[in-house]
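Colleague: Just model-v5.cif, nothing more (mmCIF, N, CA and C atoms):
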data_data
#
loop_
_atom_site.label_atom_id
_atom_site.label_comp_id
_atom_site.auth_asym_id
_atom_site.auth_seq_id
_atom_site.Cartn_x
_atom_site.Cartn_y
_atom_site.Cartn_z
N MET A 1 0.84 -1.18 0.00
CA MET A 1 0.00 0.00 0.00
C MET A 1 0.89 1.25 0.00
N PRO A 2 0.63 2.17 -0.93
CA PRO A 2 1.47 3.38 -0.96
C PRO A 2 1.25 4.23 0.28
N PRO A 3 2.28 4.98 0.66
CA PRO A 3 2.13 5.85 1.83
C PRO A 3 1.07 6.92 1.55
N SER A 4 0.63 7.56 2.62
CA SER A 4 -0.38 8.61 2.45
C SER A 4 0.19 9.75 1.62
N VAL A 5 -0.70 10.52 1.05
CA VAL A 5 -0.29 11.63 0.20
C VAL A 5 0.19 12.78 1.08
N GLY A 6 1.44 13.18 0.86
CA GLY A 6 2.02 14.28 1.64
C GLY A 6 1.68 15.63 1.03
N PRO A 7 2.08 16.69 1.71
CA PRO A 7 1.74 18.04 1.24
C PRO A 7 2.33 18.38 -0.13
N ARG A 8 3.54 17.95 -0.41
CA ARG A 8 4.15 18.25 -1.72
C ARG A 8 3.41 17.54 -2.85
N GLU A 9 3.10 16.28 -2.62
CA GLU A 9 2.37 15.52 -3.64
C GLU A 9 0.96 16.07 -3.81
N SER A 10 0.33 16.47 -2.72
CA SER A 10 -1.01 17.07 -2.81
C SER A 10 -0.97 18.34 -3.64
N LEU A 11 0.02 19.18 -3.38
CA LEU A 11 0.15 20.42 -4.14
C LEU A 11 0.38 20.13 -5.62
N ALA A 12 1.24 19.14 -5.91
CA ALA A 12 1.49 18.77 -7.30
C ALA A 12 0.21 18.29 -7.97
N LEU A 13 -0.57 17.47 -7.27
CA LEU A 13 -1.84 16.99 -7.82
C LEU A 13 -2.77 18.16 -8.16
N VAL A 14 -2.91 19.06 -7.23
CA VAL A 14 -3.81 20.21 -7.42
C VAL A 14 -3.34 21.06 -8.60
N LEU A 15 -2.06 21.40 -8.62
CA LEU A 15 -1.55 22.27 -9.68
C LEU A 15 -1.63 21.62 -11.05
N LEU A 16 -1.31 20.34 -11.13
CA LEU A 16 -1.39 19.65 -12.42
C LEU A 16 -2.84 19.52 -12.89
N TYR A 17 -3.74 19.24 -11.96
CA TYR A 17 -5.16 19.13 -12.31
C TYR A 17 -5.68 20.49 -12.78
N GLN A 18 -5.32 21.53 -12.06
CA GLN A 18 -5.76 22.87 -12.45
C GLN A 18 -5.15 23.30 -13.79
N ALA A 19 -4.01 22.72 -14.14
CA ALA A 19 -3.37 23.02 -15.42
C ALA A 19 -4.01 22.24 -16.57
N GLY A 20 -4.99 21.39 -16.24
CA GLY A 20 -5.73 20.67 -17.27
C GLY A 20 -5.47 19.19 -17.36
N ALA A 21 -4.66 18.65 -16.46
CA ALA A 21 -4.37 17.21 -16.51
C ALA A 21 -5.62 16.40 -16.21
N HIS A 22 -5.76 15.30 -16.91
CA HIS A 22 -6.86 14.35 -16.71
C HIS A 22 -6.65 13.64 -15.37
N LEU A 23 -7.70 13.45 -14.62
CA LEU A 23 -7.60 12.85 -13.30
C LEU A 23 -6.97 11.45 -13.36
N GLU A 24 -7.40 10.65 -14.31
CA GLU A 24 -6.86 9.29 -14.42
C GLU A 24 -5.38 9.29 -14.83
N ALA A 25 -4.99 10.23 -15.68
CA ALA A 25 -3.57 10.35 -16.06
C ALA A 25 -2.73 10.73 -14.85
N LEU A 26 -3.26 11.63 -14.01
CA LEU A 26 -2.56 12.00 -12.78
C LEU A 26 -2.37 10.77 -11.88
N ALA A 27 -3.43 10.01 -11.72
CA ALA A 27 -3.36 8.82 -10.88
C ALA A 27 -2.29 7.86 -11.40
N ARG A 28 -2.27 7.64 -12.69
CA ARG A 28 -1.27 6.74 -13.28
C ARG A 28 0.15 7.28 -13.09
N ALA A 29 0.34 8.56 -13.38
CA ALA A 29 1.68 9.14 -13.31
C ALA A 29 2.24 9.11 -11.89
N LEU A 30 1.37 9.28 -10.90
CA LEU A 30 1.84 9.31 -9.51
C LEU A 30 1.66 7.98 -8.79
N GLY A 31 1.18 6.97 -9.51
CA GLY A 31 1.02 5.65 -8.92
C GLY A 31 -0.01 5.63 -7.81
N ARG A 32 -1.07 6.37 -7.98
CA ARG A 32 -2.12 6.48 -6.97
C ARG A 32 -3.44 5.97 -7.53
N ASP A 33 -4.32 5.56 -6.64
CA ASP A 33 -5.66 5.17 -7.00
C ASP A 33 -6.47 6.43 -7.34
N GLY A 34 -7.34 6.32 -8.32
CA GLY A 34 -8.16 7.46 -8.72
C GLY A 34 -8.98 8.03 -7.58
N ARG A 35 -9.45 7.17 -6.69
CA ARG A 35 -10.24 7.65 -5.54
C ARG A 35 -9.39 8.52 -4.62
N THR A 36 -8.13 8.14 -4.46
CA THR A 36 -7.22 8.94 -3.63
C THR A 36 -7.00 10.31 -4.24
N VAL A 37 -6.80 10.34 -5.56
CA VAL A 37 -6.58 11.61 -6.25
C VAL A 37 -7.82 12.50 -6.11
N ARG A 38 -9.00 11.92 -6.32
CA ARG A 38 -10.25 12.70 -6.16
C ARG A 38 -10.37 13.26 -4.74
N LYS A 39 -10.06 12.43 -3.76
CA LYS A 39 -10.17 12.86 -2.37
C LYS A 39 -9.23 14.03 -2.07
N VAL A 40 -7.99 13.93 -2.54
CA VAL A 40 -7.02 15.00 -2.32
C VAL A 40 -7.52 16.29 -2.98
N LEU A 41 -8.01 16.19 -4.20
CA LEU A 41 -8.50 17.37 -4.91
C LEU A 41 -9.70 17.98 -4.19
N ARG A 42 -10.63 17.14 -3.76
CA ARG A 42 -11.80 17.66 -3.04
C ARG A 42 -11.39 18.33 -1.74
N GLN A 43 -10.47 17.71 -1.00
CA GLN A 43 -10.02 18.29 0.27
C GLN A 43 -9.34 19.64 0.05
N ALA A 44 -8.76 19.82 -1.13
CA ALA A 44 -8.11 21.09 -1.45
C ALA A 44 -9.11 22.11 -1.97
N GLY A 45 -10.37 21.72 -2.07
CA GLY A 45 -11.40 22.64 -2.53
C GLY A 45 -11.47 22.79 -4.04
N VAL A 46 -10.89 21.85 -4.76
CA VAL A 46 -10.89 21.91 -6.22
C VAL A 46 -12.21 21.36 -6.74
N GLN A 47 -12.81 22.10 -7.66
CA GLN A 47 -14.03 21.65 -8.32
C GLN A 47 -13.66 20.60 -9.35
N LEU A 48 -14.17 19.38 -9.19
CA LEU A 48 -13.84 18.31 -10.13
C LEU A 48 -14.65 18.48 -11.41
N ARG A 49 -14.03 18.18 -12.53
CA ARG A 49 -14.70 18.29 -13.83
C ARG A 49 -14.91 16.87 -14.38
N THR A 50 -15.76 16.78 -15.37
CA THR A 50 -15.98 15.51 -16.05
C THR A 50 -15.05 15.47 -17.26
N ASP A 51 -14.05 14.61 -17.19
CA ASP A 51 -13.09 14.48 -18.29
C ASP A 51 -13.57 13.39 -19.25
N PRO A 52 -13.28 13.55 -20.53
CA PRO A 52 -13.60 12.47 -21.48
C PRO A 52 -12.69 11.28 -21.19
N PRO A 53 -13.05 10.10 -21.67
CA PRO A 53 -12.16 8.94 -21.45
C PRO A 53 -10.78 9.19 -22.05
N LEU A 54 -9.79 8.59 -21.43
CA LEU A 54 -8.43 8.70 -21.96
C LEU A 54 -8.34 7.92 -23.27
N PRO A 55 -7.47 8.37 -24.17
CA PRO A 55 -7.29 7.61 -25.40
C PRO A 55 -6.64 6.27 -25.07
N PRO A 56 -6.92 5.22 -25.85
CA PRO A 56 -6.31 3.93 -25.56
C PRO A 56 -4.78 3.96 -25.71
N ASP A 57 -4.29 4.87 -26.53
CA ASP A 57 -2.85 5.00 -26.74
C ASP A 57 -2.53 6.49 -26.88
N TRP A 58 -1.59 7.00 -26.12
CA TRP A 58 -1.28 8.43 -26.14
C TRP A 58 -0.73 8.88 -27.48
N ARG A 59 -0.26 7.94 -28.30
CA ARG A 59 0.35 8.28 -29.59
C ARG A 59 -0.66 8.65 -30.67
N VAL A 60 -1.91 8.26 -30.49
CA VAL A 60 -2.95 8.43 -31.52
C VAL A 60 -3.07 9.90 -31.93
N GLY A 61 -2.98 10.12 -33.25
CA GLY A 61 -3.19 11.45 -33.81
C GLY A 61 -2.01 12.41 -33.72
N LEU A 62 -0.89 11.96 -33.19
CA LEU A 62 0.27 12.84 -33.08
C LEU A 62 1.23 12.64 -34.25
N PRO A 63 1.88 13.71 -34.69
CA PRO A 63 2.89 13.57 -35.73
C PRO A 63 4.05 12.68 -35.26
N ARG A 64 4.71 12.05 -36.20
CA ARG A 64 5.80 11.12 -35.90
C ARG A 64 6.90 11.78 -35.07
N GLU A 65 7.22 13.04 -35.39
CA GLU A 65 8.28 13.74 -34.67
C GLU A 65 7.90 13.97 -33.20
N THR A 66 6.63 14.27 -32.98
CA THR A 66 6.15 14.49 -31.61
C THR A 66 6.19 13.19 -30.82
N VAL A 67 5.77 12.10 -31.46
CA VAL A 67 5.83 10.78 -30.81
C VAL A 67 7.27 10.44 -30.45
N ALA A 68 8.19 10.71 -31.36
CA ALA A 68 9.61 10.43 -31.08
C ALA A 68 10.12 11.26 -29.91
N ALA A 69 9.73 12.53 -29.86
CA ALA A 69 10.16 13.40 -28.75
C ALA A 69 9.56 12.93 -27.43
N LEU A 70 8.30 12.53 -27.45
CA LEU A 70 7.66 12.03 -26.22
C LEU A 70 8.26 10.68 -25.81
N ASP A 71 8.58 9.84 -26.77
CA ASP A 71 9.25 8.58 -26.45
C ASP A 71 10.60 8.85 -25.77
N ALA A 72 11.33 9.84 -26.26
CA ALA A 72 12.61 10.20 -25.64
C ALA A 72 12.39 10.68 -24.21
N TYR A 73 11.33 11.44 -23.98
CA TYR A 73 11.01 11.89 -22.62
C TYR A 73 10.70 10.68 -21.73
N GLY A 74 9.91 9.74 -22.25
CA GLY A 74 9.59 8.54 -21.48
C GLY A 74 10.83 7.75 -21.12
N THR A 75 11.78 7.68 -22.04
CA THR A 75 13.05 7.00 -21.77
C THR A 75 13.83 7.74 -20.68
N ALA A 76 13.81 9.06 -20.73
CA ALA A 76 14.50 9.86 -19.70
C ALA A 76 13.85 9.64 -18.33
N VAL A 77 12.53 9.56 -18.29
CA VAL A 77 11.82 9.29 -17.04
C VAL A 77 12.22 7.93 -16.48
N ALA A 78 12.22 6.92 -17.34
CA ALA A 78 12.59 5.57 -16.91
C ALA A 78 14.01 5.54 -16.38
N GLN A 79 14.93 6.20 -17.08
CA GLN A 79 16.32 6.24 -16.64
C GLN A 79 16.47 6.96 -15.30
N TRP A 80 15.75 8.06 -15.14
CA TRP A 80 15.81 8.81 -13.88
C TRP A 80 15.35 7.93 -12.72
N HIS A 81 14.25 7.20 -12.92
CA HIS A 81 13.74 6.33 -11.85
C HIS A 81 14.69 5.17 -11.57
N ARG A 82 15.23 4.57 -12.62
CA ARG A 82 16.18 3.47 -12.40
C ARG A 82 17.39 3.96 -11.60
N THR A 83 17.92 5.11 -11.98
CA THR A 83 19.09 5.67 -11.29
C THR A 83 18.76 5.98 -9.83
N ALA A 84 17.60 6.58 -9.60
CA ALA A 84 17.21 6.91 -8.22
C ALA A 84 17.11 5.65 -7.38
N TRP A 85 16.49 4.59 -7.90
CA TRP A 85 16.36 3.35 -7.13
C TRP A 85 17.72 2.70 -6.89
N GLN A 86 18.59 2.75 -7.88
CA GLN A 86 19.94 2.19 -7.69
C GLN A 86 20.64 2.92 -6.54
N GLN A 87 20.55 4.23 -6.54
CA GLN A 87 21.20 5.01 -5.48
C GLN A 87 20.56 4.74 -4.12
N ILE A 88 19.25 4.62 -4.10
CA ILE A 88 18.56 4.31 -2.84
C ILE A 88 19.04 2.97 -2.30
N HIS A 89 19.11 1.96 -3.15
CA HIS A 89 19.55 0.64 -2.70
C HIS A 89 21.01 0.63 -2.25
N GLN A 90 21.83 1.49 -2.84
CA GLN A 90 23.23 1.56 -2.46
C GLN A 90 23.45 2.32 -1.16
N GLN A 91 22.65 3.34 -0.91
CA GLN A 91 22.92 4.25 0.20
C GLN A 91 21.97 4.14 1.38
N ALA A 92 20.82 3.55 1.19
CA ALA A 92 19.82 3.54 2.26
C ALA A 92 19.97 2.33 3.17
N THR A 93 19.53 2.52 4.39
CA THR A 93 19.40 1.40 5.31
C THR A 93 17.95 0.94 5.23
N ARG A 94 17.69 -0.26 5.71
CA ARG A 94 16.32 -0.79 5.67
C ARG A 94 15.88 -1.16 7.09
N PRO A 95 15.23 -0.20 7.76
CA PRO A 95 14.79 -0.49 9.12
C PRO A 95 13.67 -1.54 9.16
N ALA A 96 12.91 -1.66 8.10
CA ALA A 96 11.82 -2.63 8.02
C ALA A 96 11.54 -2.90 6.55
N PRO A 97 10.90 -4.04 6.23
CA PRO A 97 10.60 -4.31 4.82
C PRO A 97 9.79 -3.17 4.18
N GLY A 98 10.25 -2.75 3.00
CA GLY A 98 9.56 -1.69 2.29
C GLY A 98 9.85 -0.28 2.79
N GLN A 99 10.70 -0.17 3.83
CA GLN A 99 11.05 1.15 4.36
C GLN A 99 12.55 1.38 4.14
N TYR A 100 12.88 2.65 3.99
CA TYR A 100 14.28 3.01 3.78
C TYR A 100 14.65 4.12 4.75
N GLY A 101 15.87 4.07 5.24
CA GLY A 101 16.37 5.13 6.11
C GLY A 101 17.59 5.77 5.48
N PHE A 102 17.78 7.05 5.78
CA PHE A 102 18.90 7.79 5.21
C PHE A 102 19.64 8.51 6.34
N ALA A 103 20.91 8.77 6.09
CA ALA A 103 21.74 9.40 7.11
C ALA A 103 21.18 10.76 7.53
N SER A 104 20.55 11.46 6.61
CA SER A 104 19.99 12.77 6.91
C SER A 104 18.96 13.13 5.84
N PRO A 105 18.11 14.13 6.10
CA PRO A 105 17.20 14.60 5.05
C PRO A 105 17.96 15.11 3.83
N THR A 106 19.13 15.69 4.06
CA THR A 106 19.95 16.20 2.95
C THR A 106 20.43 15.04 2.07
N ALA A 107 20.80 13.93 2.67
CA ALA A 107 21.25 12.77 1.90
C ALA A 107 20.12 12.23 1.03
N TYR A 108 18.93 12.19 1.59
CA TYR A 108 17.76 11.73 0.83
C TYR A 108 17.47 12.68 -0.33
N THR A 109 17.47 13.97 -0.07
CA THR A 109 17.19 14.96 -1.12
C THR A 109 18.24 14.88 -2.22
N ALA A 110 19.49 14.67 -1.84
CA ALA A 110 20.56 14.58 -2.83
C ALA A 110 20.35 13.41 -3.79
N LEU A 111 19.80 12.30 -3.27
CA LEU A 111 19.52 11.15 -4.12
C LEU A 111 18.52 11.48 -5.21
N LEU A 112 17.61 12.37 -4.92
CA LEU A 112 16.53 12.68 -5.86
C LEU A 112 16.87 13.81 -6.82
N GLN A 113 18.08 14.33 -6.73
CA GLN A 113 18.51 15.40 -7.64
C GLN A 113 19.42 14.80 -8.70
N PRO A 114 18.88 14.52 -9.87
CA PRO A 114 19.72 13.90 -10.90
C PRO A 114 20.76 14.87 -11.43
N PRO A 115 21.87 14.35 -11.95
CA PRO A 115 22.90 15.23 -12.52
C PRO A 115 22.31 16.07 -13.65
N THR A 116 21.42 15.48 -14.42
CA THR A 116 20.71 16.21 -15.46
C THR A 116 19.25 16.24 -15.04
N PRO A 117 18.72 17.41 -14.72
CA PRO A 117 17.34 17.47 -14.24
C PRO A 117 16.35 16.97 -15.30
N LEU A 118 15.32 16.33 -14.83
CA LEU A 118 14.25 15.84 -15.69
C LEU A 118 13.34 17.01 -16.04
N GLU A 119 13.04 17.16 -17.30
CA GLU A 119 12.16 18.25 -17.75
C GLU A 119 10.77 18.07 -17.15
N LEU A 120 10.17 19.15 -16.69
CA LEU A 120 8.84 19.10 -16.09
C LEU A 120 7.79 18.75 -17.14
N PRO A 121 6.78 17.94 -16.76
CA PRO A 121 5.73 17.58 -17.72
C PRO A 121 5.07 18.80 -18.38
N GLU A 122 4.86 19.85 -17.61
CA GLU A 122 4.23 21.05 -18.17
C GLU A 122 5.11 21.67 -19.26
N ASP A 123 6.43 21.66 -19.03
CA ASP A 123 7.36 22.22 -20.00
C ASP A 123 7.42 21.36 -21.27
N VAL A 124 7.37 20.05 -21.09
CA VAL A 124 7.38 19.15 -22.24
C VAL A 124 6.14 19.41 -23.10
N GLY A 125 4.99 19.50 -22.45
CA GLY A 125 3.74 19.76 -23.18
C GLY A 125 3.79 21.07 -23.94
N ALA A 126 4.30 22.10 -23.29
CA ALA A 126 4.38 23.42 -23.93
C ALA A 126 5.38 23.39 -25.09
N ARG A 127 6.51 22.75 -24.89
CA ARG A 127 7.55 22.69 -25.94
C ARG A 127 7.06 21.95 -27.18
N LEU A 128 6.30 20.86 -26.94
CA LEU A 128 5.85 20.02 -28.06
C LEU A 128 4.44 20.36 -28.55
N GLY A 129 3.76 21.23 -27.80
CA GLY A 129 2.40 21.60 -28.20
C GLY A 129 1.40 20.48 -28.03
N VAL A 130 1.57 19.69 -26.96
CA VAL A 130 0.63 18.61 -26.67
C VAL A 130 0.01 18.81 -25.30
N ALA A 131 -1.13 18.19 -25.11
CA ALA A 131 -1.84 18.31 -23.83
C ALA A 131 -1.02 17.68 -22.69
N LEU A 132 -1.11 18.30 -21.54
CA LEU A 132 -0.43 17.81 -20.34
C LEU A 132 -0.80 16.36 -20.05
N THR A 133 -2.04 16.00 -20.30
CA THR A 133 -2.49 14.63 -20.06
C THR A 133 -1.66 13.63 -20.83
N ARG A 134 -1.37 13.91 -22.08
CA ARG A 134 -0.55 12.98 -22.89
C ARG A 134 0.85 12.85 -22.29
N VAL A 135 1.41 13.96 -21.86
CA VAL A 135 2.75 13.92 -21.27
C VAL A 135 2.73 13.09 -19.98
N LEU A 136 1.69 13.23 -19.19
CA LEU A 136 1.59 12.43 -17.96
C LEU A 136 1.44 10.94 -18.27
N LEU A 137 0.75 10.61 -19.35
CA LEU A 137 0.64 9.20 -19.75
C LEU A 137 2.01 8.65 -20.16
N VAL A 138 2.80 9.47 -20.85
CA VAL A 138 4.17 9.09 -21.21
C VAL A 138 4.99 8.91 -19.94
N TYR A 139 4.85 9.83 -19.00
CA TYR A 139 5.56 9.76 -17.73
C TYR A 139 5.22 8.45 -17.01
N ALA A 140 3.93 8.13 -16.94
CA ALA A 140 3.49 6.91 -16.27
C ALA A 140 4.07 5.67 -16.95
N GLU A 141 4.14 5.71 -18.27
CA GLU A 141 4.72 4.60 -19.02
C GLU A 141 6.21 4.45 -18.69
N GLY A 142 6.92 5.57 -18.59
CA GLY A 142 8.34 5.54 -18.24
C GLY A 142 8.57 4.98 -16.85
N VAL A 143 7.73 5.37 -15.90
CA VAL A 143 7.84 4.84 -14.53
C VAL A 143 7.58 3.34 -14.54
N ALA A 144 6.56 2.91 -15.28
CA ALA A 144 6.23 1.48 -15.35
C ALA A 144 7.41 0.69 -15.93
N GLN A 145 8.06 1.22 -16.95
CA GLN A 145 9.23 0.55 -17.53
C GLN A 145 10.35 0.42 -16.51
N ALA A 146 10.57 1.48 -15.75
CA ALA A 146 11.61 1.45 -14.72
C ALA A 146 11.28 0.43 -13.63
N GLU A 147 10.02 0.40 -13.24
CA GLU A 147 9.58 -0.56 -12.21
C GLU A 147 9.74 -2.00 -12.71
N ALA A 148 9.38 -2.24 -13.98
CA ALA A 148 9.50 -3.58 -14.55
C ALA A 148 10.97 -4.00 -14.58
N ALA A 149 11.86 -3.08 -14.92
CA ALA A 149 13.29 -3.38 -14.97
C ALA A 149 13.85 -3.64 -13.58
N ARG A 150 13.27 -3.02 -12.58
CA ARG A 150 13.74 -3.14 -11.19
C ARG A 150 13.42 -4.51 -10.61
N ARG A 151 12.41 -5.15 -11.13
CA ARG A 151 11.96 -6.45 -10.56
C ARG A 151 12.70 -7.60 -11.13
#
Can you give me the file's structure in the form of structure tokens?
Modeller:
Amino acid sequence: MPPSVGPRESLALVLLYQAGAHLEALARALGRDGRTVRKVLRQAGVQLRTDPPLPPDWRVGLPRETVAALDAYGTAVAQWHRTAWQQIHQQATRPAPGQYGFASPTAYTALLQPPTPLELPEDVGARLGVALTRVLLVYAEGVAQAEAARR
């Protein structure tokens, strides 16, 4: 079971949703249940909208160059997650199954700062002229690839 939603993740959910992200795409990208995402948004006072169903494939209707650029972003996401998990496994202690301990909050934060920062989903969407929802679906796919490789 994922840990409860913290203040930073709640803020990210609210801001991405207000920027037009589809609720289900948000849930996928952050590895959360849709009910949890709805609850966080409602608790933040966000008016929920009725979104159309997600496309079966985020690539549908996009030019080949845009698909290639989004695929490259998905690869970068997967690499970032793989690298972060490798560093966590190398540097963290395990006080209990599924839990990790770090020497300090600074050590933990340093693990999450990649040498090359990952481009923000909003920036990717703006640069490529695609909806934030599609970028979040690519992000979720990249995370899933990293998780599959980790197992």
Colleague: Tell me which protein, DNA and RNA residues are within 8 Å of A:His81, counting all atoms listed in the file, leaving out same-chain ones fewer than 6 positions away, and put them as a PyMOL selection string.
Modeller: chain A and resi 75+87+142-143+146-147
Colleague: Using the chain letters and numbering of this document, enumerate as a list in words the residues selected by the PyMOL selection byres ((chain A and resi 22-39) around 7).
Modeller: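 Checking the PyMOL selection byres ((chain A and resi 22-39) around 7) against this file, the residues are Leu16, Tyr17, Gly20, Ala21, Val40, Leu41, Arg42, Gln43, Ala44, Asp51, Leu132, Thr133, Arg134, Leu136, Leu137, Tyr139, Ala140 and Glu141 of chain A.
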Colleague: Could you jot down the atom CA of A:Asp57 to atom CA of A:Thr83 separation for me, Å, one decimal place?
Modeller: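 Atom CA of A:Asp57 sits 26.8 Å away from atom CA of A:Thr83.
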Colleague: With all atoms of stretch 60-75 of chain A from the file as input, state the centre and edge lengths in Å to one decimal of the axis-aligned box that has 3 Å extra on each side, as AutoDock Vina command-line options.
Modeller:
--center_x 5.3 --center_y 10.7 --center_z -28.4 --size_x 23.0 --size_y 13.5 --size_z 21.5
Colleague: Just list as an MDAnalysis selection string whatever in chain A DSSP marks as helix (DSSP H, G or I).
Modeller: chainID A and resid 7:18 23:30 34:43 64:91 105:111 121:128 132:150
Colleague: Would you compute the distance between atom CA of A:Trp58 and atom CA of A:Ala144? Give it in Å to one decimal.
Modeller: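 Atom CA of A:Ala144 lies at a distance of 14.9 Å from atom CA of A:Trp58.
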Colleague: Tell me which residues the PyMOL selection byres (((chain A and resi 130 and name CA) around 12) and name CA) grabs here, as a JSON list (two decimals) with N, CA and C atoms, in the frame of the given file.
Modeller:
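Contents of expr.json, as written:
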[["chain", "number", "residue", "atom", "x", "y", "z"],
["A", 20, "GLY", "N", -4.99, 21.39, -16.24],
["A", 20, "GLY", "CA", -5.73, 20.67, -17.27],
["A", 20, "GLY", "C", -5.47, 19.19, -17.36],
["A", 21, "ALA", "N", -4.66, 18.65, -16.46],
["A", 21, "ALA", "CA", -4.37, 17.21, -16.51],
["A", 21, "ALA", "C", -5.62, 16.40, -16.21],
["A", 58, "TRP", "N", -1.59, 7.00, -26.12],
["A", 58, "TRP", "CA", -1.28, 8.43, -26.14],
["A", 58, "TRP", "C", -0.73, 8.88, -27.48],
["A", 59, "ARG", "N", -0.26, 7.94, -28.30],
["A", 59, "ARG", "CA", 0.35, 8.28, -29.59],
["A", 59, "ARG", "C", -0.66, 8.65, -30.67],
["A", 60, "VAL", "N", -1.91, 8.26, -30.49],
["A", 60, "VAL", "CA", -2.95, 8.43, -31.52],
["A", 60, "VAL", "C", -3.07, 9.90, -31.93],
["A", 61, "GLY", "N", -2.98, 10.12, -33.25],
["A", 61, "GLY", "CA", -3.19, 11.45, -33.81],
["A", 61, "GLY", "C", -2.01, 12.41, -33.72],
["A", 62, "LEU", "N", -0.89, 11.96, -33.19],
["A", 62, "LEU", "CA", 0.27, 12.84, -33.08],
["A", 62, "LEU", "C", 1.23, 12.64, -34.25],
["A", 63, "PRO", "N", 1.88, 13.71, -34.69],
["A", 63, "PRO", "CA", 2.89, 13.57, -35.73],
["A", 63, "PRO", "C", 4.05, 12.68, -35.26],
["A", 66, "THR", "N", 6.63, 14.27, -32.98],
["A", 66, "THR", "CA", 6.15, 14.49, -31.61],
["A", 66, "THR", "C", 6.19, 13.19, -30.82],
["A", 67, "VAL", "N", 5.77, 12.10, -31.46],
["A", 67, "VAL", "CA", 5.83, 10.78, -30.81],
["A", 67, "VAL", "C", 7.27, 10.44, -30.45],
["A", 69, "ALA", "N", 9.73, 12.53, -29.86],
["A", 69, "ALA", "CA", 10.16, 13.40, -28.75],
["A", 69, "ALA", "C", 9.56, 12.93, -27.43],
["A", 70, "LEU", "N", 8.30, 12.53, -27.45],
["A", 70, "LEU", "CA", 7.66, 12.03, -26.22],
["A", 70, "LEU", "C", 8.26, 10.68, -25.81],
["A", 121, "PRO", "N", 6.78, 17.94, -16.76],
["A", 121, "PRO", "CA", 5.73, 17.58, -17.72],
["A", 121, "PRO", "C", 5.07, 18.80, -18.38],
["A", 122, "GLU", "N", 4.86, 19.85, -17.61],
["A", 122, "GLU", "CA", 4.23, 21.05, -18.17],
["A", 122, "GLU", "C", 5.11, 21.67, -19.26],
["A", 123, "ASP", "N", 6.43, 21.66, -19.03],
["A", 123, "ASP", "CA", 7.36, 22.22, -20.00],
["A", 123, "ASP", "C", 7.42, 21.36, -21.27],
["A", 124, "VAL", "N", 7.37, 20.05, -21.09],
["A", 124, "VAL", "CA", 7.38, 19.15, -22.24],
["A", 124, "VAL", "C", 6.14, 19.41, -23.10],
["A", 125, "GLY", "N", 4.99, 19.50, -22.45],
["A", 125, "GLY", "CA", 3.74, 19.76, -23.18],
["A", 125, "GLY", "C", 3.79, 21.07, -23.94],
["A", 126, "ALA", "N", 4.30, 22.10, -23.29],
["A", 126, "ALA", "CA", 4.38, 23.42, -23.93],
["A", 126, "ALA", "C", 5.38, 23.39, -25.09],
["A", 127, "ARG", "N", 6.51, 22.75, -24.89],
["A", 127, "ARG", "CA", 7.55, 22.69, -25.94],
["A", 127, "ARG", "C", 7.06, 21.95, -27.18],
["A", 128, "LEU", "N", 6.30, 20.86, -26.94],
["A", 128, "LEU", "CA", 5.85, 20.02, -28.06],
["A", 128, "LEU", "C", 4.44, 20.36, -28.55],
["A", 129, "GLY", "N", 3.76, 21.23, -27.80],
["A", 129, "GLY", "CA", 2.40, 21.60, -28.20],
["A", 129, "GLY", "C", 1.40, 20.48, -28.03],
["A", 131, "ALA", "N", -1.13, 18.19, -25.11],
["A", 131, "ALA", "CA", -1.84, 18.31, -23.83],
["A", 131, "ALA", "C", -1.02, 17.68, -22.69],
["A", 132, "LEU", "N", -1.11, 18.30, -21.54],
["A", 132, "LEU", "CA", -0.43, 17.81, -20.34],
["A", 132, "LEU", "C", -0.80, 16.36, -20.05],
["A", 133, "THR", "N", -2.04, 16.00, -20.30],
["A", 133, "THR", "CA", -2.49, 14.63, -20.06],
["A", 133, "THR", "C", -1.66, 13.63, -20.83],
["A", 134, "ARG", "N", -1.37, 13.91, -22.08],
["A", 134, "ARG", "CA", -0.55, 12.98, -22.89],
["A", 134, "ARG", "C", 0.85, 12.85, -22.29],
["A", 135, "VAL", "N", 1.41, 13.96, -21.86],
["A", 135, "VAL", "CA", 2.75, 13.92, -21.27],
["A", 135, "VAL", "C", 2.73, 13.09, -19.98],
["A", 136, "LEU", "N", 1.69, 13.23, -19.19],
["A", 136, "LEU", "CA", 1.59, 12.43, -17.96],
["A", 136, "LEU", "C", 1.44, 10.94, -18.27],
["A", 137, "LEU", "N", 0.75, 10.61, -19.35],
["A", 137, "LEU", "CA", 0.64, 9.20, -19.75],
["A", 137, "LEU", "C", 2.01, 8.65, -20.16],
["A", 138, "VAL", "N", 2.80, 9.47, -20.85],
["A", 138, "VAL", "CA", 4.17, 9.09, -21.21],
["A", 138, "VAL", "C", 4.99, 8.91, -19.94]]
Colleague: Got a sec: who's within 9 Å of A:Thr93, counting only C-alpha atoms, leaving out chain neighbours fewer than 5 positions off, as a list in words?
Modeller: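 Here the answer would be Ile88, Gln99, Tyr100, Gly101, Phe102 and Ala103 of chain A.
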Colleague: Which is closest to A:Val77 among A:Ala149, A:Ala107, A:Leu118, A:Val14, if we use only N, CA and C atoms?
Modeller: A:Leu118
Colleague: Interatomic distance between atom CA of A:Gln90 and atom C of A:Ser104?
Modeller: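 Going from atom CA of A:Gln90 over to atom C of A:Ser104 covers 14.9 Å.
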